[in-house]
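Peer 1: First, the structure itself, so that you have it in front of you.
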Amino acid sequence: MAWIEHDHADVGALVAHVAASFESACREAIRTRGQAWLALAGGRTPLPVYAHLAQAGLDGVVSAIPTDERCVPHDHPACNLRNLRDGFAADPNIVVNAITAEDGDEAASLAATRSLLALNPQPFDAVLLGMGADGHFASLFPGAANLAEGMALDSGIAAISTLPDPLPPEAPFARISLTLPRLLHARALHLVVTGQDKRRVLREAQARDNDSQHPVASLLHAHGHTVHIHWSP
């Protein structure tokens with residue numbers, strides 16, 4: 001089995017557990033390697049985790065990047081970067097690096113992200129991922145034309161630009177996403193799942209290895225890696 005499940009009574013308990021795990025990972029990284037290097041999910045559920053880290057007094061540098069981002073200008077409401085940076089505002093030593101260009105240009109964003117990751121090839125000290133109701137994680141969506149490119153473990157590609165198909169009506173934008181092999185290049189992997197509907201999708205993915213209809217299955221079944229799954233109602 002390539003995962004460890006943590007069931008929590010509610011979202012508050014989930015957040016507290018994940019926050020403690022990330023604080024421990026950051027402290028260990030700062031103590032042994034001088035700074036921490038994180039890949040972080042957007043969305044509302046993880047924001048209290050980031051606020052906890054900002055208030056934790058880590059006494060060291062933490063560099064982070066989003067696991068994925070929409071190709072929109074940084075001041076666009078659909079851009080996750082501002083929320084991530086706001087979440088860490090209490091600690092100026094925690095820096096969130098953009099993976100899209102200031103104006104959201106797709107080609108420039110992909111080039112910049114690949115350059116950033118080439119300059120930082122070290123494993124992430126911790127990765128935080130969410131899962132969609134369709135089984136996607138980061139922006140690796142079922143049905144995307146280049147999903148195979150983003151999932152191929154031997155591709156050597158750290159990031160792709162991708163377009164969900166169908167486009168979510170609430171966010172009809174191209175995306176930059178870290179690839180499965182780059183996300184797996186990590187010391188700790190955490191997947192946050194909330195609600196009974198998503199748990200059913202999770203169970204389907206756990207039962208299937210390398211299922212393109214449930215991209216998260218490839219994450220869960222990746223050989224030699226353990227994913228910490230955090231679930232709450």
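All residue names refer to the structure tokens as shown: chains lettered A, B, ... in order, residues numbered from 1 in each chain, ligands numbered from 1 in order.
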Could you list, with a cut-off of 10 Å and counting only C-alpha atoms, the residues of segment 83-170 of chain A near segment 225-229 of chain A, each shown with its nearest atom pair and the distance in Å rounded to one decimal, rows sorted by chain and ascending number, as a tab-separated table?
Peer 2:
residue	atom	partner	partner_atom	distance
A:Val127	CA	A:Val227	CA	9.8
A:Leu128	CA	A:His228	CA	9.6
A:Leu129	CA	A:Ile229	CA	9.6
A:Gly130	CA	A:Ile229	CA	9.7
Peer 1: With only C-alpha atoms counted and 6 Å as the cut-off, give the residues of segment 107-215 of chain A in contact with segment 69-89 of chain A, each with its shortest interatomic distance in Å and the pair that gives it, as CSV.
Peer 2:
residue,atom,partner,partner_atom,distance
A:Ala174,CA,A:Cys71,CA,5.6
A:Arg175,CA,A:Arg70,CA,4.4
A:Ile176,CA,A:Glu69,CA,5.3
Peer 1: If you measure from atom CA of Gly104 of chain A to atom CA of Pro66 of chain A, what distance in Å do you get, rounded to one decimal?
Peer 2: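 Atom-to-atom, atom CA of Gly104 of chain A and atom CA of Pro66 of chain A are spaced 14.5 Å apart.
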Peer 1: What's around segment 14-21 of chain A at 7 Å? Count only C-alpha atoms, leave out sequence neighbours fewer than 5 positions away in its own chain, and write the answer as a PyMOL selection string.
Peer 2: chain A and resi 8+48-49+52-53+230+232
Peer 1: Dump C-alpha atoms for the selected residues as a compact mmCIF listing (two decimals), in the first residue's frame?
Peer 2:
# COMPACT_ATOMS: atom_id res chain seq x y z
CA HIS A 8 -10.06 13.56 11.23
CA PRO A 48 -5.22 28.04 7.88
CA VAL A 49 -2.25 25.70 7.50
CA HIS A 52 -0.14 28.56 11.23
CA LEU A 53 3.29 28.31 9.61
CA HIS A 230 -5.88 13.50 5.32
CA SER A 232 -12.46 14.89 7.15
Peer 1: In Å, how far is it from atom CA of Glu5 of chain A to atom CA of Ala36 of chain A?
Peer 2: 24.7 Å
Peer 1: Could you please determine the separation between atom CA of Ala13 of chain A and atom CA of His214 of chain A in Å, to one decimal place?
Peer 2: 26.9 Å
Peer 1: Looking at A:Ile65, A:Gly12, A:Leu219, A:Leu147, which one is nearest to Ala126 of chain A, with distances taken over only C-alpha atoms?
Peer 2: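 Nearest candidate to Ala126 of chain A out of A:Ile65, A:Gly12, A:Leu219, A:Leu147: A:Ile65.
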Peer 1: Considering only C-alpha atoms, return as JSON, numbers by chain whatever protein or nucleic-acid residues lie within 12 Å of segment 196-207 of chain A, sequence-local ones (same chain, fewer than 6 positions apart) excluded.
Peer 2: {"A": [1, 2, 3, 4, 5, 7, 130, 131, 132, 133, 134, 135, 136, 137, 213, 214, 215, 216, 217, 218, 219, 220, 221, 222, 227, 229, 230, 231, 232, 233]}
Peer 1: Please list as a list in words every residue within 9 Å of Thr179 of chain A, counting only C-alpha atoms and excluding residues in the same chain fewer than 6 positions away.
Peer 2: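 The filter keeps Thr67, Ala138, Ser139, Leu140, Glu149, Gly150, Met151, Ala152, Leu153, Ile157, Ala158, Ala159 and Ile160 of chain A.
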Peer 1: Find the residues near Asp59 of chain A: any atom within 9 Å, counting only C-alpha atoms, skip ones fewer than 4 places away on the same chain, and give them as a PDB file with N, CA and C atoms, in the first residue's frame.
Peer 2:
ATOM      1  N   ARG A  27      11.010  22.931  10.155  1.00  0.00           N
ATOM      2  CA  ARG A  27      12.046  23.064  11.193  1.00  0.00           C
ATOM      3  C   ARG A  27      13.202  22.112  10.923  1.00  0.00           C
ATOM      4  N   ILE A  30      15.229  23.456   7.912  1.00  0.00           N
ATOM      5  CA  ILE A  30      16.032  24.627   8.286  1.00  0.00           C
ATOM      6  C   ILE A  30      17.221  24.203   9.133  1.00  0.00           C
ATOM      7  N   ASN A  93      10.101  35.860   6.127  1.00  0.00           N
ATOM      8  CA  ASN A  93      11.092  34.877   5.695  1.00  0.00           C
ATOM      9  C   ASN A  93      10.470  33.731   4.901  1.00  0.00           C
TER      10      ASN A  93
END
Peer 1: Residues of segment 8-223 of chain A in alpha helix (DSSP H) according to DSSP, as a VMD selection string?
Peer 2: chain A and resid 11 to 33 47 to 55 81 to 87 106 to 119 147 to 151 180 to 184 196 to 206 216 to 220
Peer 1: Of the candidates A:Ala148, A:Ser161, A:Val62, A:Val95, which shows the shortest atom-to-atom distance to Ala108 of chain A, using only C-alpha atoms?
Peer 2: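 Under the stated criterion, the closest residue is A:Ser161.
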Peer 1: I need the residues in segment 8-233 of chain A that are strand (DSSP E) according to DSSP; give them as a PyMOL selection string.
Peer 2: chain A and resi 35-40+61-66+68-70+94-96+126-130+159-162+175-178+189-194+227-232
Peer 1: Please determine, counting only C-alpha atoms, which residue among A:Pro181, A:Val11, A:Thr162, A:Pro168 has the shortest atom-to-atom distance to Arg44 of chain A.
Peer 2: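 Closest residue, counting only C-alpha atoms: A:Val11.
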